[in-house]
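upload.txt (compact mmCIF, N, CA and C atoms)
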```
# COMPACT_ATOMS: atom_id res chain seq x y z
N MET K 1 47.22 144.01 150.61
CA MET K 1 46.77 143.52 149.33
C MET K 1 46.20 144.70 148.56
N SER K 2 46.65 144.89 147.36
CA SER K 2 46.19 146.02 146.56
C SER K 2 44.89 145.67 145.85
N ASN K 3 44.24 146.71 145.29
CA ASN K 3 43.02 146.47 144.52
C ASN K 3 43.29 145.54 143.35
N GLN K 4 44.50 145.66 142.78
CA GLN K 4 44.86 144.79 141.66
C GLN K 4 44.88 143.33 142.12
N ASP K 5 45.42 143.07 143.33
CA ASP K 5 45.45 141.70 143.86
C ASP K 5 44.04 141.18 144.08
N VAL K 6 43.12 142.05 144.51
CA VAL K 6 41.75 141.63 144.77
C VAL K 6 41.09 141.16 143.49
N GLU K 7 41.41 141.76 142.35
CA GLU K 7 40.82 141.40 141.07
C GLU K 7 41.10 139.95 140.71
N VAL K 8 42.19 139.37 141.25
CA VAL K 8 42.55 138.00 140.93
C VAL K 8 41.53 137.01 141.46
N LEU K 9 40.79 137.40 142.50
CA LEU K 9 39.89 136.47 143.17
C LEU K 9 38.76 135.96 142.30
N GLY K 10 38.41 136.63 141.27
CA GLY K 10 37.32 136.17 140.42
C GLY K 10 37.31 136.95 139.14
N GLN K 11 36.20 136.84 138.45
CA GLN K 11 36.06 137.57 137.21
C GLN K 11 35.62 138.99 137.52
N ASP K 12 35.29 139.76 136.47
CA ASP K 12 34.83 141.13 136.70
C ASP K 12 33.45 141.11 137.35
N ALA K 13 32.97 142.28 137.76
CA ALA K 13 31.72 142.37 138.52
C ALA K 13 30.53 141.79 137.74
N ALA K 14 30.47 142.00 136.44
CA ALA K 14 29.36 141.49 135.64
C ALA K 14 29.34 139.97 135.64
N VAL K 15 30.51 139.36 135.54
CA VAL K 15 30.59 137.91 135.55
C VAL K 15 30.27 137.38 136.94
N ASP K 16 30.82 138.03 137.98
CA ASP K 16 30.55 137.60 139.35
C ASP K 16 29.06 137.62 139.65
N ALA K 17 28.33 138.60 139.12
CA ALA K 17 26.91 138.73 139.41
C ALA K 17 26.12 137.56 138.85
N CYS K 18 26.53 137.05 137.70
CA CYS K 18 25.75 135.96 137.10
C CYS K 18 26.36 134.59 137.31
N CYS K 19 27.62 134.51 137.59
CA CYS K 19 28.31 133.22 137.66
C CYS K 19 29.27 133.15 138.85
N PRO K 20 28.77 132.90 140.04
CA PRO K 20 29.67 132.81 141.19
C PRO K 20 30.78 131.81 140.96
N GLY K 21 31.98 132.14 141.40
CA GLY K 21 33.19 131.40 141.13
C GLY K 21 33.15 129.90 141.33
N LEU K 22 32.80 129.44 142.53
CA LEU K 22 32.88 128.02 142.81
C LEU K 22 31.89 127.19 142.01
N LEU K 23 30.79 127.79 141.60
CA LEU K 23 29.77 127.03 140.88
C LEU K 23 29.93 127.13 139.37
N ALA K 24 30.65 128.12 138.91
CA ALA K 24 30.82 128.31 137.47
C ALA K 24 31.93 127.43 136.92
N ALA K 25 33.02 127.34 137.66
CA ALA K 25 34.17 126.56 137.22
C ALA K 25 35.11 126.40 138.40
N PRO K 26 35.93 125.38 138.38
CA PRO K 26 36.90 125.22 139.46
C PRO K 26 37.84 126.43 139.52
N LEU K 27 38.25 126.79 140.72
CA LEU K 27 39.19 127.88 140.89
C LEU K 27 40.54 127.47 140.32
N ASP K 28 41.24 128.43 139.70
CA ASP K 28 42.60 128.12 139.29
C ASP K 28 43.53 128.31 140.50
N GLU K 29 44.78 127.96 140.34
CA GLU K 29 45.72 127.99 141.47
C GLU K 29 45.86 129.40 142.06
N GLY K 30 45.93 130.41 141.21
CA GLY K 30 46.07 131.79 141.68
C GLY K 30 44.86 132.25 142.47
N GLN K 31 43.67 131.94 141.96
CA GLN K 31 42.45 132.32 142.66
C GLN K 31 42.37 131.62 144.02
N ALA K 32 42.70 130.34 144.04
CA ALA K 32 42.64 129.59 145.29
C ALA K 32 43.63 130.13 146.31
N THR K 33 44.81 130.50 145.86
CA THR K 33 45.83 131.06 146.76
C THR K 33 45.36 132.37 147.36
N GLU K 34 44.82 133.25 146.54
CA GLU K 34 44.34 134.54 147.03
C GLU K 34 43.13 134.39 147.95
N LEU K 35 42.21 133.52 147.59
CA LEU K 35 41.04 133.28 148.44
C LEU K 35 41.45 132.69 149.78
N ALA K 36 42.42 131.80 149.76
CA ALA K 36 42.88 131.17 151.00
C ALA K 36 43.41 132.22 151.97
N LYS K 37 44.08 133.25 151.47
CA LYS K 37 44.57 134.33 152.34
C LYS K 37 43.40 135.04 153.04
N VAL K 38 42.34 135.27 152.29
CA VAL K 38 41.18 135.96 152.87
C VAL K 38 40.49 135.06 153.89
N PHE K 39 40.28 133.79 153.53
CA PHE K 39 39.62 132.88 154.47
C PHE K 39 40.49 132.62 155.70
N LYS K 40 41.80 132.61 155.52
CA LYS K 40 42.69 132.45 156.68
C LYS K 40 42.54 133.64 157.62
N ALA K 41 42.44 134.82 157.06
CA ALA K 41 42.24 136.02 157.89
C ALA K 41 40.92 135.93 158.65
N LEU K 42 39.90 135.37 158.03
CA LEU K 42 38.60 135.24 158.66
C LEU K 42 38.52 134.03 159.59
N GLY K 43 39.51 133.16 159.54
CA GLY K 43 39.48 131.92 160.31
C GLY K 43 39.85 132.08 161.77
N ASP K 44 40.15 133.27 162.21
CA ASP K 44 40.50 133.51 163.61
C ASP K 44 39.33 134.21 164.30
N PRO K 45 38.89 133.74 165.46
CA PRO K 45 37.74 134.35 166.13
C PRO K 45 37.93 135.83 166.46
N VAL K 46 39.14 136.22 166.84
CA VAL K 46 39.38 137.64 167.15
C VAL K 46 39.22 138.48 165.89
N ARG K 47 39.79 138.03 164.78
CA ARG K 47 39.68 138.81 163.54
C ARG K 47 38.25 138.83 163.03
N LEU K 48 37.54 137.74 163.19
CA LEU K 48 36.13 137.71 162.78
C LEU K 48 35.32 138.70 163.61
N ARG K 49 35.57 138.76 164.91
CA ARG K 49 34.88 139.73 165.77
C ARG K 49 35.26 141.15 165.41
N LEU K 50 36.56 141.39 165.15
CA LEU K 50 36.99 142.73 164.76
C LEU K 50 36.28 143.17 163.48
N LEU K 51 36.23 142.27 162.50
CA LEU K 51 35.56 142.61 161.25
C LEU K 51 34.09 142.93 161.50
N SER K 52 33.45 142.16 162.34
CA SER K 52 32.05 142.39 162.67
C SER K 52 31.85 143.73 163.38
N LEU K 53 32.73 144.04 164.32
CA LEU K 53 32.64 145.33 165.02
C LEU K 53 32.82 146.50 164.05
N ILE K 54 33.74 146.36 163.13
CA ILE K 54 33.99 147.43 162.16
C ILE K 54 32.82 147.55 161.19
N ALA K 55 32.36 146.42 160.66
CA ALA K 55 31.31 146.43 159.65
C ALA K 55 29.98 146.91 160.20
N SER K 56 29.71 146.63 161.47
CA SER K 56 28.40 146.99 162.04
C SER K 56 28.37 148.37 162.68
N ARG K 57 29.46 149.07 162.63
CA ARG K 57 29.55 150.38 163.28
C ARG K 57 28.73 151.42 162.52
N ALA K 58 27.87 152.13 163.24
CA ALA K 58 27.12 153.23 162.65
C ALA K 58 28.11 154.28 162.15
N GLY K 59 27.87 154.80 160.97
CA GLY K 59 28.78 155.78 160.39
C GLY K 59 29.84 155.14 159.51
N GLY K 60 29.97 153.83 159.56
CA GLY K 60 30.84 153.13 158.64
C GLY K 60 32.30 153.03 159.02
N GLU K 61 32.71 153.66 160.12
CA GLU K 61 34.10 153.55 160.52
C GLU K 61 34.20 153.57 162.04
N VAL K 62 35.32 153.05 162.54
CA VAL K 62 35.51 152.96 163.98
C VAL K 62 36.98 153.24 164.31
N CYS K 63 37.18 153.92 165.43
CA CYS K 63 38.51 154.22 165.92
C CYS K 63 39.07 152.98 166.62
N VAL K 64 40.35 152.75 166.45
CA VAL K 64 40.98 151.62 167.13
C VAL K 64 40.81 151.76 168.64
N CYS K 65 40.70 152.97 169.13
CA CYS K 65 40.50 153.18 170.57
C CYS K 65 39.17 152.61 171.05
N ASP K 66 38.21 152.44 170.15
CA ASP K 66 36.92 151.83 170.49
C ASP K 66 36.92 150.32 170.31
N LEU K 67 37.88 149.80 169.56
CA LEU K 67 37.96 148.35 169.33
C LEU K 67 38.70 147.63 170.45
N THR K 68 39.78 148.21 170.90
CA THR K 68 40.66 147.55 171.87
C THR K 68 39.94 147.14 173.15
N PRO K 69 39.09 147.98 173.75
CA PRO K 69 38.44 147.59 175.01
C PRO K 69 37.49 146.38 174.88
N ALA K 70 37.09 146.03 173.66
CA ALA K 70 36.17 144.90 173.47
C ALA K 70 36.88 143.55 173.63
N PHE K 71 38.19 143.56 173.79
CA PHE K 71 38.98 142.34 173.84
C PHE K 71 39.88 142.33 175.07
N ASP K 72 40.17 141.15 175.56
CA ASP K 72 41.11 140.99 176.66
C ASP K 72 42.49 140.70 176.06
N LEU K 73 42.91 141.59 175.16
CA LEU K 73 44.18 141.45 174.45
C LEU K 73 44.92 142.78 174.49
N SER K 74 46.22 142.73 174.31
CA SER K 74 47.00 143.97 174.30
C SER K 74 46.75 144.75 173.01
N GLN K 75 47.03 146.03 173.05
CA GLN K 75 46.87 146.87 171.87
C GLN K 75 47.74 146.39 170.71
N PRO K 76 49.01 145.98 170.94
CA PRO K 76 49.80 145.46 169.82
C PRO K 76 49.20 144.20 169.18
N THR K 77 48.57 143.36 169.99
CA THR K 77 47.94 142.16 169.43
C THR K 77 46.74 142.53 168.57
N ILE K 78 45.93 143.47 169.05
CA ILE K 78 44.79 143.95 168.25
C ILE K 78 45.30 144.56 166.95
N SER K 79 46.35 145.36 167.02
CA SER K 79 46.93 145.97 165.82
C SER K 79 47.41 144.92 164.83
N HIS K 80 47.99 143.84 165.33
CA HIS K 80 48.44 142.75 164.46
C HIS K 80 47.25 142.12 163.73
N HIS K 81 46.19 141.85 164.46
CA HIS K 81 44.99 141.27 163.84
C HIS K 81 44.41 142.22 162.79
N LEU K 82 44.37 143.50 163.09
CA LEU K 82 43.86 144.49 162.14
C LEU K 82 44.74 144.54 160.89
N LYS K 83 46.04 144.42 161.08
CA LYS K 83 46.97 144.41 159.94
C LYS K 83 46.67 143.23 159.02
N LEU K 84 46.41 142.05 159.60
CA LEU K 84 46.10 140.88 158.78
C LEU K 84 44.79 141.05 158.01
N LEU K 85 43.80 141.67 158.64
CA LEU K 85 42.55 141.96 157.94
C LEU K 85 42.78 142.95 156.80
N ARG K 86 43.63 143.93 157.02
CA ARG K 86 43.97 144.89 155.95
C ARG K 86 44.69 144.19 154.81
N GLN K 87 45.66 143.34 155.13
CA GLN K 87 46.42 142.63 154.09
C GLN K 87 45.53 141.71 153.27
N ALA K 88 44.46 141.22 153.88
CA ALA K 88 43.52 140.35 153.17
C ALA K 88 42.54 141.15 152.32
N GLY K 89 42.57 142.48 152.42
CA GLY K 89 41.69 143.31 151.61
C GLY K 89 40.29 143.46 152.17
N LEU K 90 40.11 143.13 153.46
CA LEU K 90 38.78 143.19 154.07
C LEU K 90 38.47 144.55 154.69
N ILE K 91 39.50 145.25 155.16
CA ILE K 91 39.31 146.57 155.77
C ILE K 91 40.41 147.51 155.28
N ASP K 92 40.19 148.79 155.52
CA ASP K 92 41.23 149.78 155.26
C ASP K 92 41.23 150.75 156.43
N CYS K 93 42.22 151.63 156.47
CA CYS K 93 42.33 152.53 157.61
C CYS K 93 42.97 153.85 157.22
N GLU K 94 42.89 154.79 158.16
CA GLU K 94 43.49 156.11 157.98
C GLU K 94 43.88 156.63 159.36
N ARG K 95 45.09 157.16 159.46
CA ARG K 95 45.53 157.77 160.72
C ARG K 95 45.03 159.21 160.75
N ARG K 96 44.44 159.58 161.89
CA ARG K 96 43.98 160.95 162.13
C ARG K 96 44.53 161.38 163.48
N GLY K 97 45.61 162.12 163.44
CA GLY K 97 46.26 162.52 164.68
C GLY K 97 46.84 161.29 165.37
N THR K 98 46.44 161.07 166.60
CA THR K 98 46.94 159.95 167.40
C THR K 98 46.27 158.64 167.03
N TRP K 99 45.04 158.69 166.53
CA TRP K 99 44.23 157.48 166.36
C TRP K 99 44.16 157.03 164.91
N VAL K 100 43.88 155.73 164.76
CA VAL K 100 43.67 155.13 163.44
C VAL K 100 42.21 154.71 163.35
N TYR K 101 41.57 155.05 162.24
CA TYR K 101 40.17 154.71 162.00
C TYR K 101 40.09 153.63 160.92
N TYR K 102 39.21 152.66 161.14
CA TYR K 102 39.06 151.52 160.24
C TYR K 102 37.66 151.47 159.66
N TRP K 103 37.55 150.94 158.43
CA TRP K 103 36.26 150.74 157.79
C TRP K 103 36.33 149.49 156.93
N LEU K 104 35.17 148.92 156.68
CA LEU K 104 35.02 147.72 155.86
C LEU K 104 35.23 148.07 154.39
N LEU K 105 35.84 147.15 153.64
CA LEU K 105 35.91 147.25 152.18
C LEU K 105 34.86 146.29 151.62
N PRO K 106 33.66 146.81 151.32
CA PRO K 106 32.56 145.92 150.91
C PRO K 106 32.82 145.19 149.60
N GLU K 107 33.74 145.66 148.79
CA GLU K 107 34.03 144.96 147.53
C GLU K 107 34.48 143.54 147.82
N MET K 108 35.30 143.37 148.87
CA MET K 108 35.81 142.03 149.17
C MET K 108 34.71 141.15 149.76
N THR K 109 33.93 141.67 150.69
CA THR K 109 32.87 140.84 151.27
C THR K 109 31.82 140.52 150.22
N ASP K 110 31.54 141.45 149.32
CA ASP K 110 30.61 141.17 148.22
C ASP K 110 31.16 140.08 147.31
N ARG K 111 32.45 140.12 147.05
CA ARG K 111 33.08 139.11 146.18
C ARG K 111 33.03 137.74 146.84
N LEU K 112 33.30 137.69 148.15
CA LEU K 112 33.22 136.42 148.87
C LEU K 112 31.80 135.86 148.82
N ALA K 113 30.84 136.74 149.04
CA ALA K 113 29.44 136.31 149.00
C ALA K 113 29.09 135.77 147.61
N ALA K 114 29.55 136.45 146.56
CA ALA K 114 29.25 136.00 145.20
C ALA K 114 29.90 134.65 144.90
N ILE K 115 31.10 134.45 145.40
CA ILE K 115 31.80 133.20 145.15
C ILE K 115 31.10 132.03 145.83
N LEU K 116 30.50 132.28 147.00
CA LEU K 116 29.90 131.21 147.79
C LEU K 116 28.40 131.06 147.59
N THR K 117 27.79 131.92 146.80
CA THR K 117 26.34 131.90 146.64
C THR K 117 25.92 131.15 145.39
N ARG K 118 24.91 130.32 145.55
CA ARG K 118 24.31 129.62 144.42
C ARG K 118 23.36 130.59 143.74
N PRO K 119 23.38 130.67 142.41
CA PRO K 119 22.46 131.58 141.73
C PRO K 119 21.02 131.31 142.13
N ALA K 120 20.25 132.38 142.33
CA ALA K 120 18.84 132.27 142.75
C ALA K 120 18.06 131.42 141.77
N GLY K 121 17.26 130.53 142.30
CA GLY K 121 16.38 129.72 141.47
C GLY K 121 17.04 128.52 140.84
N GLU K 122 18.34 128.41 140.93
CA GLU K 122 19.03 127.28 140.32
C GLU K 122 18.93 126.08 141.25
N PRO K 123 18.45 124.94 140.75
CA PRO K 123 18.29 123.77 141.62
C PRO K 123 19.64 123.20 142.03
N LEU K 124 19.65 122.53 143.16
CA LEU K 124 20.85 121.84 143.60
C LEU K 124 21.13 120.68 142.66
N PRO K 125 22.40 120.34 142.44
CA PRO K 125 22.70 119.20 141.58
C PRO K 125 22.16 117.91 142.21
N VAL K 126 21.75 116.99 141.36
CA VAL K 126 21.24 115.70 141.82
C VAL K 126 22.44 114.83 142.14
N ARG K 127 22.44 114.30 143.36
CA ARG K 127 23.54 113.42 143.77
C ARG K 127 23.14 111.98 143.50
N THR K 128 24.09 111.21 143.06
CA THR K 128 23.84 109.79 142.88
C THR K 128 24.42 109.06 144.08
N GLU K 129 23.66 108.10 144.58
CA GLU K 129 24.13 107.35 145.75
C GLU K 129 25.14 106.32 145.32
N THR K 130 26.14 106.15 146.17
CA THR K 130 27.14 105.11 145.92
C THR K 130 27.05 104.11 147.05
N VAL K 131 27.36 102.89 146.73
CA VAL K 131 27.36 101.82 147.72
C VAL K 131 28.75 101.81 148.36
N GLY K 132 28.78 101.80 149.67
CA GLY K 132 30.07 101.72 150.35
C GLY K 132 30.65 103.06 150.73
N GLY K 133 29.99 104.14 150.41
CA GLY K 133 30.47 105.45 150.84
C GLY K 133 31.60 105.98 149.97
N CYS K 134 32.34 106.91 150.54
CA CYS K 134 33.44 107.58 149.83
C CYS K 134 34.65 106.67 149.77
N SER K 135 35.43 106.88 148.74
CA SER K 135 36.66 106.07 148.65
C SER K 135 37.86 106.93 148.93
```

Written as structure tokens, that's how I'd like the structure from this file.
Amino acid sequence: MSNQDVEVLGQDAAVDACCPGLLAAPLDEGQATELAKVFKALGDPVRLRLLSLIASRAGGEVCVCDLTPAFDLSQPTISHHLKLLRQAGLIDCERRGTWVYYWLLPEMTDRLAAILTRPAGEPLPVRTETVGGCS
């Protein structure tokens, strides 16, 4: 996913800061499609752990040689999961000799956080009770 594709997920940074996506207005079809790709990538426990290992690494990057031993999976399977995280715009990488190094793309995690966060100090909407539950 290119940086241009990432821009589809919401408005510009100034708008995202004051008006998180889900609370400002319903997502349009394009935004929902792009967000679904990111959430699908995060919906797998292995990919979620990989992202956490990469994001929490001191120095900001980690060699794939340090990621693989943390899992009881083959190297090609780990590489597949890393590829899906890259395609979702969550991480990026660079080959250095034999090894590939990965790092978090904070723009995407910041955007996800902004989309899911209620503006500070804003009260929750008042719900009206219905008799008989949902229809």

Can you tell me, as a list of chain:residue names, what residues are no more than 12 Å from K:Val46 when counting only C-alpha atoms, ignoring any on the same chain fewer than 2 positions away? K:Ala41, K:Leu42, K:Gly43, K:Asp44, K:Leu48, K:Arg49, K:Leu50, K:Leu51, K:Ser52, K:Leu53, K:Leu67, K:Thr68, K:Ala70, K:Phe71, K:Asp72, K:Leu73, K:Thr77, K:Ile78, K:Ser79, K:His80, K:His81, K:Leu82, K:Leu84, K:Leu85

At what distance in Å, to one decimal, does atom N of K:Leu90 lie from atom CA of K:Asp110?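 So the answer is 11.0 Å.
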
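Considering only C-alpha atoms, the residue among K:Pro76, K:Asp92, K:Lys37, K:Leu104 positioned nearest to K:Ala55 is K:Leu104.
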
Mind giving me the straight-line distance from atom N of K:Ile91 to atom N of K:Pro106 in Å, one decimal?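 Taking atom N of K:Ile91 as the start and atom N of K:Pro106 as the end point, the length is 7.2 Å.
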
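Relative to atom CA of K:Leu112, atom CA of K:Leu35 is found at 8.4 Å.
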
According to DSSP computed on the backbone, where in stretch 16-92 of chain K is there helix (DSSP H, G or I)? Give the residues as number ranges by chain. K: 16-18, 21-24, 29-42, 45-55, 64-70, 75-87

So that I can check the surroundings of K:Gly60, please list as number ranges by chain every protein, DNA and RNA residue that reaches within 9 Å of it, counting only C-alpha atoms and ignoring chain neighbours fewer than 6 positions away. K: 54, 102-104

Run DSSP on the backbone and give me the residues of stretch 56-115 of chain K it puts in strand (DSSP E), as a ChimeraX atom specification. /K:62-63,91-96,99-104

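Proximity ranking of K:Ala88, K:Arg118, K:Trp99, K:Arg111 relative to K:Thr33 places K:Ala88 first, based on only C-alpha atoms.
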
For K:Val64, which residue among K:Val100, K:Val38, K:Pro45, K:Arg86 is the nearest when counting only N, CA and C atoms? K:Val100
